[in-house]
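Reproduced below: coords_30.cif, with mmCIF, C-alpha atoms.
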data_structure
#
loop_
_atom_site.group_PDB
_atom_site.id
_atom_site.type_symbol
_atom_site.label_atom_id
_atom_site.label_comp_id
_atom_site.auth_asym_id
_atom_site.auth_seq_id
_atom_site.Cartn_x
_atom_site.Cartn_y
_atom_site.Cartn_z
ATOM 1 C CA MET A 1 56.358 -7.552 18.839
ATOM 2 C CA GLY A 2 55.543 -10.631 20.900
ATOM 3 C CA GLU A 3 55.672 -8.839 24.221
ATOM 4 C CA ARG A 4 53.168 -6.247 23.033
ATOM 5 C CA LYS A 5 50.215 -8.635 23.107
ATOM 6 C CA VAL A 6 50.791 -10.431 26.372
ATOM 7 C CA THR A 7 47.995 -10.338 28.942
ATOM 8 C CA ASN A 8 50.010 -11.328 32.021
ATOM 9 C CA LYS A 9 52.923 -9.441 33.526
ATOM 10 C CA TYR A 10 55.801 -10.898 35.457
ATOM 11 C CA TYR A 11 55.889 -10.061 39.153
ATOM 12 C CA PRO A 12 59.222 -10.799 40.839
ATOM 13 C CA PRO A 13 59.318 -12.587 44.205
ATOM 14 C CA ASP A 14 60.455 -9.447 46.046
ATOM 15 C CA PHE A 15 57.564 -7.291 44.646
ATOM 16 C CA ASP A 16 56.103 -4.837 47.198
ATOM 17 C CA PRO A 17 52.786 -3.174 46.170
ATOM 18 C CA SER A 18 53.155 -0.465 48.857
ATOM 19 C CA ILE A 19 56.048 1.064 46.938
ATOM 20 C CA ILE A 20 53.757 1.960 43.970
ATOM 21 C CA PRO A 21 52.562 5.592 44.319
ATOM 22 C CA LYS A 22 48.815 5.985 44.696
ATOM 23 C CA ARG A 23 46.769 7.915 42.162
ATOM 24 C CA ASP A 24 45.414 11.271 43.269
ATOM 25 C CA ASN A 25 41.685 11.456 43.842
ATOM 26 C CA TRP A 26 40.378 13.873 41.221
ATOM 27 C CA ARG A 27 37.110 14.241 43.129
ATOM 28 C CA ALA A 28 38.905 15.904 46.011
ATOM 29 C CA PRO A 29 38.170 19.640 46.402
ATOM 30 C CA GLY A 30 40.156 21.699 43.915
ATOM 31 C CA LYS A 31 41.043 18.698 41.732
ATOM 32 C CA GLN A 32 40.203 18.954 38.023
ATOM 33 C CA ILE A 33 40.238 16.662 35.001
ATOM 34 C CA LYS A 34 40.504 17.470 31.302
ATOM 35 C CA ILE A 35 37.567 16.562 29.069
ATOM 36 C CA ARG A 36 36.207 17.342 25.607
ATOM 37 C CA PHE A 37 33.301 19.749 26.038
ATOM 38 C CA MET A 38 30.598 20.984 23.687
ATOM 39 C CA LEU A 39 28.822 24.306 24.241
ATOM 40 C CA PRO A 40 25.207 23.708 25.298
ATOM 41 C CA MET A 41 24.098 27.237 24.265
ATOM 42 C CA SER A 42 25.305 30.264 22.292
ATOM 43 C CA ILE A 43 27.411 32.744 24.288
ATOM 44 C CA GLN A 44 29.367 35.980 23.719
ATOM 45 C CA CYS A 45 32.776 36.662 25.236
ATOM 46 C CA GLN A 46 32.732 39.716 27.533
ATOM 47 C CA THR A 47 36.407 40.476 26.815
ATOM 48 C CA CYS A 48 36.563 40.567 23.008
ATOM 49 C CA GLY A 49 32.879 40.248 22.041
ATOM 50 C CA GLU A 50 33.394 36.996 20.060
ATOM 51 C CA TYR A 51 30.277 34.907 19.505
ATOM 52 C CA MET A 52 30.577 31.192 20.211
ATOM 53 C CA TYR A 53 27.650 29.170 19.021
ATOM 54 C CA ARG A 54 25.969 26.080 20.353
ATOM 55 C CA GLY A 55 27.773 22.846 19.462
ATOM 56 C CA LYS A 56 31.272 24.346 19.425
ATOM 57 C CA LYS A 57 33.829 21.913 20.887
ATOM 58 C CA PHE A 58 36.454 22.901 23.453
ATOM 59 C CA ASN A 59 39.100 21.281 25.616
ATOM 60 C CA ALA A 60 37.669 21.996 29.073
ATOM 61 C CA ARG A 61 38.490 21.382 32.723
ATOM 62 C CA LYS A 62 35.867 19.777 34.917
ATOM 63 C CA GLU A 63 35.475 19.815 38.698
ATOM 64 C CA ASP A 64 32.848 19.023 41.319
ATOM 65 C CA CYS A 65 31.092 21.806 43.219
ATOM 66 C CA TYR A 66 31.232 21.636 46.980
ATOM 67 C CA GLY A 67 29.448 23.505 49.724
ATOM 68 C CA PRO A 68 25.741 24.207 50.227
ATOM 69 C CA ASP A 69 25.218 24.629 46.470
ATOM 70 C CA GLY A 70 27.169 21.511 45.574
ATOM 71 C CA ASP A 71 24.122 19.369 44.836
ATOM 72 C CA TYR A 72 20.381 19.580 44.214
ATOM 73 C CA LEU A 73 18.157 16.821 45.634
ATOM 74 C CA GLY A 74 21.133 14.467 45.633
ATOM 75 C CA ILE A 75 22.192 15.375 42.077
ATOM 76 C CA ARG A 76 25.807 16.598 41.964
ATOM 77 C CA ILE A 77 26.585 19.921 40.254
ATOM 78 C CA TYR A 78 29.638 20.214 37.994
ATOM 79 C CA ARG A 79 31.629 23.266 36.933
ATOM 80 C CA PHE A 80 33.429 23.658 33.577
ATOM 81 C CA TYR A 81 36.219 25.998 32.496
ATOM 82 C CA ILE A 82 36.876 26.869 28.840
ATOM 83 C CA ARG A 83 38.808 29.611 27.026
ATOM 84 C CA CYS A 84 37.640 32.044 24.357
ATOM 85 C CA MET A 85 38.700 30.982 20.844
ATOM 86 C CA THR A 86 39.919 34.522 20.042
ATOM 87 C CA CYS A 87 41.334 36.155 23.196
ATOM 88 C CA CYS A 88 41.824 33.012 25.354
ATOM 89 C CA ALA A 89 39.850 34.604 28.214
ATOM 90 C CA GLU A 90 38.544 32.075 30.716
ATOM 91 C CA VAL A 91 34.788 31.324 30.728
ATOM 92 C CA CYS A 92 33.184 29.465 33.627
ATOM 93 C CA MET A 93 29.770 27.701 33.665
ATOM 94 C CA ARG A 94 28.011 25.074 35.737
ATOM 95 C CA THR A 95 25.091 22.703 35.507
ATOM 96 C CA ASP A 96 21.576 23.603 36.775
ATOM 97 C CA PRO A 97 19.659 20.388 37.603
ATOM 98 C CA LYS A 98 16.674 22.333 38.930
ATOM 99 C CA ASN A 99 15.849 23.806 35.492
ATOM 100 C CA SER A 100 17.615 21.105 33.401
ATOM 101 C CA ASP A 101 19.938 23.760 31.990
ATOM 102 C CA TYR A 102 23.366 25.433 32.306
ATOM 103 C CA VAL A 103 24.289 28.701 33.999
ATOM 104 C CA VAL A 104 27.148 30.969 32.815
ATOM 105 C CA GLU A 105 28.973 32.214 35.933
ATOM 106 C CA ARG A 106 31.637 34.524 34.510
ATOM 107 C CA GLY A 107 33.649 35.458 31.417
ATOM 108 C CA ALA A 108 30.703 35.453 28.962
ATOM 109 C CA SER A 109 27.019 36.278 28.604
ATOM 110 C CA ARG A 110 24.300 34.029 27.253
ATOM 111 C CA ASN A 111 22.574 35.080 24.029
ATOM 112 C CA PHE A 112 18.856 35.894 23.931
ATOM 113 C CA GLU A 113 16.650 32.811 23.573
ATOM 114 C CA PRO A 114 12.950 33.574 22.885
ATOM 115 C CA TRP A 115 11.684 30.086 23.796
ATOM 116 C CA LYS A 116 13.266 30.401 27.216
ATOM 117 C CA GLN A 117 11.631 33.786 27.759
ATOM 118 C CA GLU A 118 8.265 32.330 26.708
ATOM 119 C CA SER A 119 8.531 29.490 29.212
ATOM 120 C CA GLU A 120 9.427 31.935 31.962
ATOM 121 C CA LEU A 121 6.476 34.138 31.024
ATOM 122 C CA ASN A 122 4.106 31.155 31.191
ATOM 123 C CA LYS A 123 5.401 30.328 34.649
ATOM 124 C CA LYS A 124 4.793 33.880 35.841
ATOM 125 C CA ILE A 125 1.255 33.897 34.426
ATOM 126 C CA ALA A 126 0.483 30.613 36.207
ATOM 127 C CA GLU A 127 1.765 32.031 39.500
ATOM 128 C CA ILE A 128 -0.302 35.233 39.157
ATOM 129 C CA ARG A 129 -3.415 33.220 38.286
ATOM 130 C CA LYS A 130 -2.908 31.042 41.326
ATOM 131 C CA GLU A 131 -2.607 34.079 43.570
ATOM 132 C CA VAL A 132 -5.829 35.574 42.165
ATOM 133 C CA ASP A 133 -7.694 32.297 42.652
ATOM 134 C CA ASP A 134 -6.541 32.079 46.249
ATOM 135 C CA ALA A 135 -7.717 35.622 46.882
ATOM 136 C CA ASP A 136 -11.157 35.212 45.202
ATOM 137 C CA ALA A 137 -13.236 32.330 46.582
ATOM 138 C CA MET A 138 -15.695 32.252 43.647
ATOM 139 C CA ALA A 139 -12.924 32.205 41.037
ATOM 140 C CA ASN A 140 -11.232 29.464 43.012
ATOM 141 C CA LEU A 141 -14.465 27.433 43.022
ATOM 142 C CA GLU A 142 -14.915 27.896 39.250
ATOM 143 C CA SER A 143 -11.369 26.815 38.512
ATOM 144 C CA ARG A 144 -11.786 23.740 40.717
ATOM 145 C CA THR A 145 -15.055 22.880 38.959
ATOM 146 C CA LYS A 146 -13.369 23.123 35.550
ATOM 147 C CA GLU A 147 -10.469 21.010 36.688
ATOM 148 C CA SER A 148 -12.776 18.348 38.139
ATOM 149 C CA LYS A 149 -14.791 18.296 34.898
ATOM 150 C CA LYS A 150 -11.641 17.881 32.866
ATOM 151 C CA GLU A 151 -10.485 15.068 35.131
ATOM 152 C CA MET A 152 -13.851 13.312 34.721
ATOM 153 C CA GLU A 153 -13.583 13.495 30.920
ATOM 154 C CA ILE A 154 -10.074 12.096 31.062
ATOM 155 C CA LEU A 155 -11.219 9.254 33.334
ATOM 156 C CA ASP A 156 -14.156 8.424 30.992
ATOM 157 C CA ALA A 157 -11.835 8.295 27.988
ATOM 158 C CA LEU A 158 -9.434 6.098 29.929
ATOM 159 C CA GLN A 159 -12.287 3.775 30.920
ATOM 160 C CA GLU A 160 -13.354 3.419 27.281
ATOM 161 C CA ILE A 161 -9.818 2.520 26.262
ATOM 162 C CA GLN A 162 -9.626 -0.063 29.048
ATOM 163 C CA ASP A 163 -12.953 -1.602 27.966
ATOM 164 C CA LEU A 164 -11.719 -1.901 24.386
ATOM 165 C CA ASN A 165 -8.515 -3.523 25.555
ATOM 166 C CA ASN A 166 -10.412 -5.988 27.737
ATOM 167 C CA ARG A 167 -12.727 -6.843 24.853
ATOM 168 C CA ALA A 168 -9.754 -7.476 22.587
ATOM 169 C CA ALA A 169 -8.065 -9.544 25.293
ATOM 170 C CA ASN A 170 -11.104 -11.874 25.533
ATOM 171 C CA VAL A 171 -10.932 -12.775 21.839
ATOM 172 C CA ASN A 172 -9.750 -16.338 21.303
ATOM 173 C CA THR A 173 -7.563 -16.527 18.214
ATOM 174 C CA ALA A 174 -7.802 -20.311 18.015
ATOM 175 C CA GLN A 175 -11.595 -20.105 17.876
ATOM 176 C CA ILE A 176 -11.485 -17.498 15.111
ATOM 177 C CA LEU A 177 -9.105 -19.635 13.048
ATOM 178 C CA GLU A 178 -11.352 -22.654 13.522
ATOM 179 C CA ILE A 179 -14.421 -20.726 12.306
ATOM 180 C CA ARG A 180 -12.513 -19.443 9.270
ATOM 181 C CA ALA A 181 -11.342 -22.966 8.380
ATOM 182 C CA ARG A 182 -14.887 -24.336 8.720
ATOM 183 C CA GLU A 183 -16.309 -21.628 6.441
ATOM 184 C CA LYS A 184 -13.609 -22.276 3.837
ATOM 185 C CA GLN A 185 -14.289 -26.034 3.895
ATOM 186 C CA GLU A 186 -18.050 -25.488 3.481
ATOM 187 C CA ALA A 187 -17.471 -23.193 0.504
ATOM 188 C CA GLU A 188 -15.195 -25.766 -1.175
ATOM 189 C CA GLU A 189 -17.724 -28.592 -0.611
ATOM 190 C CA LYS A 190 -20.525 -26.474 -2.080
ATOM 191 C CA ALA A 191 -18.461 -25.655 -5.176
ATOM 192 C CA ILE A 192 -17.613 -29.353 -5.712
ATOM 193 C CA LYS A 193 -21.270 -30.342 -5.306
ATOM 194 C CA ASP A 194 -22.435 -27.784 -7.878
ATOM 195 C CA GLU A 195 -19.792 -28.947 -10.356
ATOM 196 C CA VAL A 196 -20.841 -32.577 -9.939
ATOM 197 C CA GLN A 197 -24.497 -31.662 -10.560
ATOM 198 C CA LYS A 198 -23.570 -29.842 -13.770
ATOM 199 C CA ILE A 199 -21.540 -32.806 -15.029
ATOM 200 C CA ASP A 200 -24.357 -35.277 -14.232
ATOM 201 C CA PHE A 201 -26.930 -33.109 -16.012
ATOM 202 C CA LYS A 202 -24.770 -32.768 -19.151
ATOM 203 C CA SER A 203 -23.853 -36.465 -19.233
ATOM 204 C CA LYS A 204 -27.525 -37.507 -19.589
ATOM 205 C CA GLY A 205 -27.644 -36.080 -23.151
ATOM 206 C CA GLY A 206 -30.523 -34.667 -25.224
ATOM 207 C CA TYR A 207 -30.884 -31.550 -23.162
ATOM 208 C CA VAL A 208 -31.743 -28.195 -24.776
ATOM 209 C CA LYS A 209 -31.075 -24.832 -23.313
ATOM 210 C CA ARG A 210 -34.492 -23.325 -22.702
ATOM 211 C CA ILE A 211 -35.289 -19.608 -22.760
ATOM 212 C CA GLU A 212 -37.432 -18.417 -19.896
ATOM 213 C CA SER A 213 -40.972 -17.213 -20.544
ATOM 214 C CA GLY A 214 -40.125 -13.690 -19.485
ATOM 215 C CA SER A 215 -37.305 -13.463 -22.044
ATOM 216 C CA SER A 216 -37.354 -10.775 -24.715
ATOM 217 C CA ASP A 217 -36.622 -13.391 -27.472
ATOM 218 C CA SER A 218 -40.088 -13.714 -29.056
ATOM 219 C CA GLU A 219 -41.325 -16.264 -31.614
ATOM 220 C CA ALA A 220 -41.192 -13.755 -34.499
ATOM 221 C CA ARG A 221 -37.568 -12.934 -33.731
ATOM 222 C CA ARG A 222 -36.688 -16.624 -33.717
ATOM 223 C CA ILE A 223 -38.329 -17.137 -37.125
ATOM 224 C CA LYS A 224 -36.529 -14.127 -38.556
ATOM 225 C CA ARG A 225 -33.192 -15.361 -37.238
ATOM 226 C CA ALA A 226 -33.880 -18.799 -38.766
ATOM 227 C CA LYS A 227 -34.638 -17.213 -42.163
ATOM 228 C CA ASN A 228 -31.426 -15.189 -42.145
ATOM 229 C CA SER A 229 -29.358 -18.182 -41.061
ATOM 230 C CA VAL A 230 -26.630 -19.611 -43.307
ATOM 231 C CA PHE A 231 -28.305 -23.015 -43.329
ATOM 232 C CA ALA A 232 -31.728 -21.620 -44.351
ATOM 233 C CA LYS A 233 -32.912 -22.507 -47.889
ATOM 234 C CA LYS A 234 -32.735 -19.458 -50.185
ATOM 235 C CA PRO A 235 -34.901 -19.222 -53.347
ATOM 236 C CA SER A 236 -33.234 -19.036 -56.802
ATOM 237 C CA GLU A 237 -33.114 -15.804 -58.760
ATOM 238 C CA ASP A 238 -35.286 -17.071 -61.650
ATOM 239 C CA ALA A 239 -38.043 -18.439 -59.380
ATOM 240 C CA THR A 240 -41.489 -16.925 -59.623
ATOM 241 C CA SER A 241 -43.200 -15.056 -56.857
ATOM 242 C CA SER A 242 -45.485 -17.988 -56.115
ATOM 243 C CA GLY A 243 -42.480 -20.280 -55.849
ATOM 244 C CA LYS A 244 -40.809 -17.828 -53.522
ATOM 245 C CA LEU A 245 -43.818 -17.732 -51.221
ATOM 246 C CA ALA A 246 -44.069 -21.524 -51.207
ATOM 247 C CA ASP A 247 -40.365 -21.898 -50.473
ATOM 248 C CA GLU A 248 -40.521 -19.297 -47.687
ATOM 249 C CA SER A 249 -43.507 -20.967 -46.052
ATOM 250 C CA LYS A 250 -41.807 -24.355 -46.377
ATOM 251 C CA THR A 251 -38.564 -22.956 -44.921
ATOM 252 C CA ALA A 252 -40.456 -21.406 -42.008
ATOM 253 C CA GLU A 253 -42.223 -24.691 -41.284
ATOM 254 C CA GLU A 254 -38.976 -26.636 -41.440
ATOM 255 C CA THR A 255 -37.260 -24.086 -39.216
ATOM 256 C CA ASN A 256 -40.054 -24.261 -36.647
ATOM 257 C CA ALA A 257 -39.857 -28.035 -36.758
ATOM 258 C CA ALA A 258 -36.085 -27.879 -36.306
ATOM 259 C CA ASP A 259 -36.460 -25.468 -33.381
ATOM 260 C CA ASN A 260 -38.919 -27.786 -31.685
ATOM 261 C CA MET A 261 -36.647 -30.805 -32.178
ATOM 262 C CA PRO A 262 -33.924 -31.787 -29.709
ATOM 263 C CA ALA A 263 -30.479 -30.407 -30.420
ATOM 264 C CA PRO A 264 -28.973 -33.525 -32.130
ATOM 265 C CA ALA A 265 -32.018 -34.033 -34.389
ATOM 266 C CA ALA A 266 -32.072 -30.375 -35.441
ATOM 267 C CA VAL A 267 -28.387 -30.555 -36.378
ATOM 268 C CA GLU A 268 -29.063 -33.658 -38.506
ATOM 269 C CA VAL A 269 -31.930 -31.983 -40.397
ATOM 270 C CA ILE A 270 -29.855 -28.886 -41.134
ATOM 271 C CA THR A 271 -26.945 -31.047 -42.359
ATOM 272 C CA LYS A 272 -29.243 -32.903 -44.775
ATOM 273 C CA LYS A 273 -30.557 -29.600 -46.141
ATOM 274 C CA LYS A 274 -27.035 -28.419 -46.749
ATOM 275 C CA LYS A 275 -26.084 -31.609 -48.621
ATOM 276 C CA LYS A 276 -29.168 -31.362 -50.864
ATOM 277 C CA LYS A 277 -28.372 -27.761 -51.652
ATOM 278 C CA LYS A 278 -24.797 -28.667 -52.642
ATOM 279 C CA LYS A 279 -26.064 -31.450 -54.933
ATOM 280 C CA LYS A 280 -28.488 -29.079 -56.695
ATOM 281 C CA LYS A 281 -25.769 -26.519 -57.189
ATOM 282 C CA GLY A 282 -23.479 -29.200 -58.649
ATOM 283 C CA LYS A 283 -26.157 -30.368 -61.133
ATOM 284 C CA LYS A 284 -26.879 -26.815 -62.250
ATOM 285 C CA GLY A 285 -23.159 -26.177 -62.773
ATOM 286 C CA LYS A 286 -22.746 -29.320 -64.907
ATOM 287 C CA LYS A 287 -25.780 -28.445 -67.053
ATOM 288 C CA ARG A 288 -24.490 -24.927 -67.585
ATOM 289 C CA LYS A 289 -21.088 -26.253 -68.671
ATOM 290 C CA ARG A 290 -22.740 -28.649 -71.119
ATOM 291 C CA ASP A 291 -24.808 -25.839 -72.658
ATOM 292 C CA ASP A 292 -21.715 -23.670 -73.012
ATOM 293 C CA GLY A 293 -19.913 -26.516 -74.795
ATOM 294 C CA ASP A 294 -22.762 -26.930 -77.348
ATOM 295 C CA ASP A 295 -22.724 -23.237 -78.132
ATOM 296 C CA ASP A 296 -18.975 -23.342 -78.771
ATOM 297 C CA ASP A 297 -19.385 -26.242 -81.260
ATOM 298 C CA GLU A 298 -22.049 -24.362 -83.178
ATOM 299 C CA GLU A 299 -19.825 -21.307 -83.415
ATOM 300 C CA GLU A 300 -16.957 -23.418 -84.764
ATOM 301 C CA GLU A 301 -19.171 -25.048 -87.454
ATOM 302 C CA ALA A 302 -20.648 -21.775 -88.690
ATOM 303 C CA PRO A 303 -17.404 -20.281 -90.119
ATOM 304 C CA SER A 304 -16.678 -23.551 -92.063
ATOM 305 C CA GLY A 305 -20.089 -23.454 -93.800
ATOM 306 C CA LEU A 306 -19.604 -19.877 -94.772
ATOM 307 C CA GLY A 307 -16.235 -20.781 -96.260
ATOM 308 C CA LEU A 308 -17.789 -23.465 -98.485
ATOM 309 C CA VAL A 309 -20.420 -21.113 -99.783
ATOM 310 C CA ALA A 310 -17.836 -18.510 -100.612
ATOM 311 C CA TYR A 311 -15.660 -21.093 -102.376
ATOM 312 C CA GLY A 312 -18.577 -22.388 -104.449
ATOM 313 C CA SER A 313 -19.499 -18.940 -105.550
ATOM 314 C CA SER A 314 -15.937 -18.325 -106.670
ATOM 315 C CA ASP A 315 -15.919 -21.555 -108.744
ATOM 316 C CA SER A 316 -19.172 -20.648 -110.419
ATOM 317 C CA GLY A 317 -17.715 -17.316 -111.382
ATOM 318 C CA HIS A 318 -14.766 -18.943 -113.040
#

Would you mind giving the structure from this file in structure tokens?
Amino acid sequence: MGERKVTNKYYPPDFDPSIIPKRDNWRAPGKQIKIRFMLPMSIQCQTCGEYMYRGKKFNARKEDCYGPDGDYLGIRIYRFYIRCMTCCAEVCMRTDPKNSDYVVERGASRNFEPWKQESELNKKIAEIRKEVDDADAMANLESRTKESKKEMEILDALQEIQDLNNRAANVNTAQILEIRAREKQEAEEKAIKDEVQKIDFKSKGGYVKRIESGSSDSEARRIKRAKNSVFAKKPSEDATSSGKLADESKTAEETNAADNMPAPAAVEVITKKKKKKKKKKGKKGKKRKRDDGDDDDEEEEAPSGLGLVAYGSSDSGH
């Protein structure tokens, strides 16, 4: 297996290259080579009627065409030979550089292709129209006017595109990036400045959040909210109507005073009110417990007295 991979061959000292037979030139007239060929269009065999469709692969023979029809504008024309897949009849075709197509020379016929017929029809119509325009001077002038107008529109559109491209080419990306960076830095500095102002204002202390004069929060609504607050003083159930009115007026005055005070002072006043209320509730609870205890003692003493009376009456009877 070692000799299979060698790259250099051994040439003996008495080697004569002229003895080696030369390879035949396949491009010589009548010379052919074997290739793998694929049908460029659908055809039908004229011998057996077999249809062979586009894309079918064949083993073909290829040769160069010679003579006056051997090339077109310097492009060489090739001829191919294949055999029918059913009857093995020979089919010959060649290239057509003029129309960018193939031409079947013998052995088969090309199937109908509507798109090819349409293109041919369009070519004929263009030729007829050209002949008519050449014959009629006015029609020729109109067609030229239309063509010139169309060309002007195309040139205007092209000029607009060029202007846009030139405008985009003049844009300096470095300048745009610099402007963006400057705007970003200014926005960050402004945000930091606003935050520092807020912190300085809050650190001074004793500030109260004021409601603007145009606000919908009126004085009556503030008083009502203060009355319904948890920290507001509520009258007892057994208080008289006059006491209730006095307490309400006193509560309203205290609430107004607390509203007008600074925030820390108002909090202190409300805290004191709450402590007083808790103390009163505690005293009332102790008094009520004491009264309940006295009633229980009286109830315990009453049955013992009744027992003595009943016992005395029984002794008297005896």

task: On this file, the PyMOL selection byres ((chain A and resi 111) around 9) gives some set of residues; write that set as a PyMOL selection string.
output: chain A and resi 41-44+51+109-110+112-113

Output file for the residues above (C-alpha atoms, as an mmCIF file, in the coordinates of the input):
data_model
loop_
_atom_site.group_PDB
_atom_site.id
_atom_site.type_symbol
_atom_site.label_atom_id
_atom_site.label_comp_id
_atom_site.auth_asym_id
_atom_site.auth_seq_id
_atom_site.Cartn_x
_atom_site.Cartn_y
_atom_site.Cartn_z
ATOM 1 C CA MET A 41 24.098 27.237 24.265
ATOM 2 C CA SER A 42 25.305 30.264 22.292
ATOM 3 C CA ILE A 43 27.411 32.744 24.288
ATOM 4 C CA GLN A 44 29.367 35.980 23.719
ATOM 5 C CA TYR A 51 30.277 34.907 19.505
ATOM 6 C CA SER A 109 27.019 36.278 28.604
ATOM 7 C CA ARG A 110 24.300 34.029 27.253
ATOM 8 C CA PHE A 112 18.856 35.894 23.931
ATOM 9 C CA GLU A 113 16.650 32.811 23.573
#

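CA of Glu127 in chain A sits 13.7 Å away from CA of Asn140 in chain A.
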
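The coordinates place CA of Lys34 in chain A at 17.4 Å from CA of Ala89 in chain A.
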
- prompt: Which distance in Å separates CA of Lys57 in chain A and CA of Ala108 in chain A, to one decimal?
  reply: 16.1 Å

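With only the atoms specified (all atoms listed in the file) counting, those residues at most 6 Å away from (35.0, 32.7, 35.1) are Glu90, Val91, Cys92, Arg106 and Gly107 of chain A.
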
Would you pick out the contacts of Leu73 in chain A at 12 Å or less, using all atoms listed in the file, so that residues sharing its chain but fewer than 6 positions from it are not included, and give the list as a CSV table (one decimal) with C-alpha atoms, in the frame of the given file?
chain,number,residue,atom,x,y,z
A,96,ASP,CA,21.6,23.6,36.8
A,97,PRO,CA,19.7,20.4,37.6
A,98,LYS,CA,16.7,22.3,38.9

Taking all atoms of range 117-129 of chain A that appear in the file, build a box with edges along x, y and z, extend it by 5 Å on every side, and state its centre and edge lengths in Å to one decimal, as JSON.
{"center_x": 4.1, "center_y": 32.4, "center_z": 33.1, "size_x": 25.0, "size_y": 15.7, "size_z": 22.8}

What would range 16-21 of chain A look like with all heavy atoms in place, written as a PDB file, in the coordinates of the input?
ATOM      1  N   ASP A  16      56.809  -5.460  46.069  1.00  0.00           N
ATOM      2  CA  ASP A  16      56.103  -4.837  47.198  1.00  0.00           C
ATOM      3  C   ASP A  16      55.102  -3.823  46.650  1.00  0.00           C
ATOM      4  O   ASP A  16      55.468  -2.772  46.147  1.00  0.00           O
ATOM      5  CB  ASP A  16      57.109  -4.152  48.110  1.00  0.00           C
ATOM      6  CG  ASP A  16      56.462  -3.639  49.396  1.00  0.00           C
ATOM      7  OD1 ASP A  16      55.251  -3.947  49.582  1.00  0.00           O
ATOM      8  OD2 ASP A  16      57.136  -2.961  50.174  1.00  0.00           O
ATOM      9  N   PRO A  17      53.785  -4.095  46.723  1.00  0.00           N
ATOM     10  CA  PRO A  17      52.786  -3.174  46.170  1.00  0.00           C
ATOM     11  C   PRO A  17      52.766  -1.829  46.867  1.00  0.00           C
ATOM     12  O   PRO A  17      52.334  -0.829  46.268  1.00  0.00           O
ATOM     13  CB  PRO A  17      51.457  -3.899  46.372  1.00  0.00           C
ATOM     14  CG  PRO A  17      51.807  -5.311  46.598  1.00  0.00           C
ATOM     15  CD  PRO A  17      53.150  -5.316  47.219  1.00  0.00           C
ATOM     16  N   SER A  18      53.201  -1.741  48.121  1.00  0.00           N
ATOM     17  CA  SER A  18      53.155  -0.465  48.857  1.00  0.00           C
ATOM     18  C   SER A  18      54.125   0.563  48.280  1.00  0.00           C
ATOM     19  O   SER A  18      53.990   1.762  48.535  1.00  0.00           O
ATOM     20  CB  SER A  18      53.456  -0.704  50.335  1.00  0.00           C
ATOM     21  OG  SER A  18      54.743  -1.264  50.496  1.00  0.00           O
ATOM     22  N   ILE A  19      55.091   0.131  47.518  1.00  0.00           N
ATOM     23  CA  ILE A  19      56.048   1.064  46.938  1.00  0.00           C
ATOM     24  C   ILE A  19      55.422   1.872  45.787  1.00  0.00           C
ATOM     25  O   ILE A  19      55.811   3.003  45.543  1.00  0.00           O
ATOM     26  CB  ILE A  19      57.291   0.288  46.435  1.00  0.00           C
ATOM     27  CG1 ILE A  19      57.935  -0.469  47.587  1.00  0.00           C
ATOM     28  CG2 ILE A  19      58.302   1.194  45.769  1.00  0.00           C
ATOM     29  CD1 ILE A  19      59.060  -1.379  47.168  1.00  0.00           C
ATOM     30  N   ILE A  20      54.392   1.299  45.117  1.00  0.00           N
ATOM     31  CA  ILE A  20      53.757   1.960  43.970  1.00  0.00           C
ATOM     32  C   ILE A  20      53.033   3.206  44.465  1.00  0.00           C
ATOM     33  O   ILE A  20      52.238   3.141  45.419  1.00  0.00           O
ATOM     34  CB  ILE A  20      52.784   1.010  43.272  1.00  0.00           C
ATOM     35  CG1 ILE A  20      53.526  -0.218  42.755  1.00  0.00           C
ATOM     36  CG2 ILE A  20      52.077   1.710  42.122  1.00  0.00           C
ATOM     37  CD1 ILE A  20      52.627  -1.271  42.191  1.00  0.00           C
ATOM     38  N   PRO A  21      53.257   4.371  43.872  1.00  0.00           N
ATOM     39  CA  PRO A  21      52.562   5.592  44.319  1.00  0.00           C
ATOM     40  C   PRO A  21      51.081   5.518  43.994  1.00  0.00           C
ATOM     41  O   PRO A  21      50.678   5.037  42.923  1.00  0.00           O
ATOM     42  CB  PRO A  21      53.263   6.697  43.549  1.00  0.00           C
ATOM     43  CG  PRO A  21      53.861   6.040  42.372  1.00  0.00           C
ATOM     44  CD  PRO A  21      54.201   4.653  42.780  1.00  0.00           C
TER      45      PRO A  21
END
